[in-house]
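Some notes on the structure that comes next.
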Amino acid sequence: MIDTRTAPYAALVLRLALGLMFLAHGLTKLLVFTPAGTAGFFESIGFPGWTAYPVIAFEVIGGAFLILGVFARWIAAIAVVQLFAASTVHFGNGWAFANANGGWEYPIFLTAAALALALIGDGAWALKRSGGSADRAR
């Protein structure tokens with residue numbers, strides 16, 4: 001059974017963790033690797049280079065939205081698609097993320113975490129709720 005008293009706080013913890021991860025990854029692509037460098041990397045692994053720019057924007061803005069609780073359920077749903085696409089790069093590297101070029105365990109875990117947040121809702125202390133029956137109850 002789900003404890004309805006603590007479930008919103010569990011969603012908050014999940015939302016904050018995902019938001020911080022996205023923000024850190026996006027800022028790394030923006031400030032360390034640079035957008036042009038990230039585009040070059042994307043091309044080297046088979047994605048069109050231009051997709052680096054919306055990915056960077058989504059990770060920075062989406063990460064901030066998750067942290068603040070702004071449409072978190074919908075951001076998490078979009079993140080499922082983005083994270084699964086990122087996971088495909090790692091499928092040939094084996095399971096363990098410690099493998100050469102990183103295995104698929106970490107990106108698939110993040111995909112599952114984003115899916116869980118999309119299913120459970122925005123959580124406690126969300127600034128702008130996504131809507132839906134679960135969010136109206138809180």
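Residue numbering restarts at 1 for every chain of the structure tokens, chains are lettered A, B, ... in their displayed order, and ligands are numbered from 1 as they appear.
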Discussion item. Residues near Lys128 (chain A), anyone? I mean within 7 Å using only C-alpha atoms, not counting same-chain ones fewer than 5 positions away, as a list in words.
Written reply: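 Near neighbours after the sequence-gap exclusion: Gly69, Val70 and Phe71 of chain A.
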Write the residues you've just listed into a file as a JSON list (two decimals), in the first residue's frame, and include C-alpha atoms for each of them.
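Wrote it out as part22.json, contents follow:
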```
[["chain", "number", "residue", "atom", "x", "y", "z"],
["A", 69, "GLY", "CA", 8.34, 21.96, -9.32],
["A", 70, "VAL", "CA", 7.14, 23.70, -12.49],
["A", 71, "PHE", "CA", 5.14, 21.25, -14.61]]
```
Discussion item. List the spatial neighbours of region 38-51 of chain A as a list in words - criterion: any atom at most 9 Å away, only C-alpha atoms, same-chain residues fewer than 6 positions off excluded.
Written reply: Lys29, Leu30 and Val89 of chain A
Item to complete: Calculate how many Å separate CA of Val80 (chain A) from CA of Ala114 (chain A), rounding to one decimal.
Response: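 Going from CA of Val80 (chain A) over to CA of Ala114 (chain A), I get 5.6 Å.
Residues in contact range of Tyr9 (chain A), defined as at most 8 Å between only C-alpha atoms, with sequence neighbours fewer than 4 positions away removed, read Val13, Gly123 and Ala124 of chain A.
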Practice prompt. Would you list, as a list in words, the residues of region 41-75 of chain A that end up in alpha helix (DSSP H) under DSSP run on this structure's backbone?
Written response: Phe41, Phe42, Glu43, Ser44, Ala52, Tyr53, Pro54, Val55, Ile56, Ala57, Gly63, Ala64, Phe65, Leu66, Ile67, Leu68, Ala72, Arg73, Trp74 and Ile75 of chain A
Could the residues in this selection be written to a file with N, CA, C and O atoms, as a compact mmCIF listing (two decimals), in the first residue's frame?
```
# COMPACT_ATOMS: atom_id res chain seq x y z
N PHE A 41 30.34 15.86 -30.50
CA PHE A 41 30.24 14.56 -29.85
C PHE A 41 28.98 13.83 -30.30
O PHE A 41 29.03 12.64 -30.60
N PHE A 42 27.87 14.53 -30.34
CA PHE A 42 26.63 13.91 -30.79
C PHE A 42 26.80 13.32 -32.19
O PHE A 42 26.35 12.20 -32.46
N GLU A 43 27.44 14.06 -33.08
CA GLU A 43 27.68 13.56 -34.44
C GLU A 43 28.55 12.31 -34.42
O GLU A 43 28.32 11.37 -35.18
N SER A 44 29.54 12.28 -33.51
CA SER A 44 30.46 11.14 -33.46
C SER A 44 29.78 9.86 -32.99
O SER A 44 30.28 8.77 -33.24
N ALA A 52 22.10 18.61 -30.25
CA ALA A 52 22.77 18.99 -29.01
C ALA A 52 22.15 20.24 -28.40
O ALA A 52 22.04 20.36 -27.17
N TYR A 53 21.73 21.17 -29.23
CA TYR A 53 21.21 22.45 -28.74
C TYR A 53 19.89 22.31 -27.99
O TYR A 53 19.78 22.81 -26.86
N PRO A 54 18.89 21.62 -28.53
CA PRO A 54 17.68 21.42 -27.73
C PRO A 54 17.92 20.52 -26.51
O PRO A 54 17.27 20.70 -25.48
N VAL A 55 18.86 19.59 -26.60
CA VAL A 55 19.16 18.74 -25.44
C VAL A 55 19.75 19.59 -24.32
O VAL A 55 19.35 19.48 -23.16
N ILE A 56 20.70 20.45 -24.65
CA ILE A 56 21.29 21.34 -23.64
C ILE A 56 20.20 22.22 -23.03
O ILE A 56 20.11 22.35 -21.80
N ALA A 57 19.37 22.82 -23.88
CA ALA A 57 18.30 23.69 -23.37
C ALA A 57 17.35 22.91 -22.47
O ALA A 57 16.98 23.38 -21.38
N GLY A 63 15.83 20.86 -15.93
CA GLY A 63 16.39 20.61 -14.60
C GLY A 63 15.94 21.65 -13.60
O GLY A 63 15.54 21.33 -12.48
N ALA A 64 15.98 22.92 -14.02
CA ALA A 64 15.52 24.00 -13.13
C ALA A 64 14.03 23.86 -12.84
O ALA A 64 13.59 24.03 -11.69
N PHE A 65 13.23 23.52 -13.86
CA PHE A 65 11.80 23.33 -13.67
C PHE A 65 11.52 22.19 -12.70
O PHE A 65 10.62 22.29 -11.86
N LEU A 66 12.28 21.10 -12.80
CA LEU A 66 12.08 19.99 -11.88
C LEU A 66 12.40 20.42 -10.44
O LEU A 66 11.64 20.12 -9.52
N ILE A 67 13.50 21.11 -10.26
CA ILE A 67 13.89 21.56 -8.92
C ILE A 67 12.80 22.46 -8.32
O ILE A 67 12.43 22.32 -7.16
N LEU A 68 12.28 23.35 -9.14
CA LEU A 68 11.26 24.29 -8.67
C LEU A 68 9.86 23.67 -8.60
O LEU A 68 8.98 24.21 -7.94
N ALA A 72 6.40 19.60 -13.36
CA ALA A 72 7.38 18.52 -13.17
C ALA A 72 6.94 17.20 -13.80
O ALA A 72 7.76 16.48 -14.37
N ARG A 73 5.67 16.90 -13.71
CA ARG A 73 5.19 15.63 -14.28
C ARG A 73 5.42 15.60 -15.79
O ARG A 73 5.84 14.60 -16.34
N TRP A 74 5.17 16.72 -16.46
CA TRP A 74 5.33 16.78 -17.92
C TRP A 74 6.80 16.84 -18.31
O TRP A 74 7.20 16.22 -19.30
N ILE A 75 7.61 17.54 -17.54
CA ILE A 75 9.05 17.56 -17.79
C ILE A 75 9.60 16.14 -17.64
O ILE A 75 10.41 15.69 -18.45
```
Worksheet entry | d(CA of Val32 (chain A), CA of Leu16 (chain A)) in Å | 22.8 Å
Using only C-alpha atoms, determine which residues lie at most 7 Å from Leu27 (chain A), disregarding the query and same-chain residues fewer than 4 positions distant; provide the list as a PDB file with N, CA, C and O atoms, in the first residue's frame.
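Produced file result19.pdb, reproduced below:
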```
ATOM      1  N   LEU A  23      20.318  19.439 -14.431  1.00  0.00           N
ATOM      2  CA  LEU A  23      20.975  20.746 -14.407  1.00  0.00           C
ATOM      3  C   LEU A  23      22.491  20.587 -14.503  1.00  0.00           C
ATOM      4  O   LEU A  23      23.151  21.284 -15.289  1.00  0.00           O
ATOM      5  N   LEU A  31      28.886  24.740 -20.442  1.00  0.00           N
ATOM      6  CA  LEU A  31      30.033  25.511 -19.966  1.00  0.00           C
ATOM      7  C   LEU A  31      31.376  24.815 -20.094  1.00  0.00           C
ATOM      8  O   LEU A  31      32.405  25.479 -20.198  1.00  0.00           O
ATOM      9  N   VAL A  60      19.070  22.079 -19.021  1.00  0.00           N
ATOM     10  CA  VAL A  60      19.214  23.229 -18.124  1.00  0.00           C
ATOM     11  C   VAL A  60      17.844  23.736 -17.660  1.00  0.00           C
ATOM     12  O   VAL A  60      17.585  23.859 -16.461  1.00  0.00           O
TER      13      VAL A  60
END
```
Worksheet entry | Residue contacts of Asn101 (chain A) (12 Å, only C-alpha atoms) excluding same-chain residues fewer than 3 positions away, as JSON, numbers by chain | {"A": [45, 87, 89, 90, 91, 92, 93, 94, 95, 96, 97, 98, 104]}
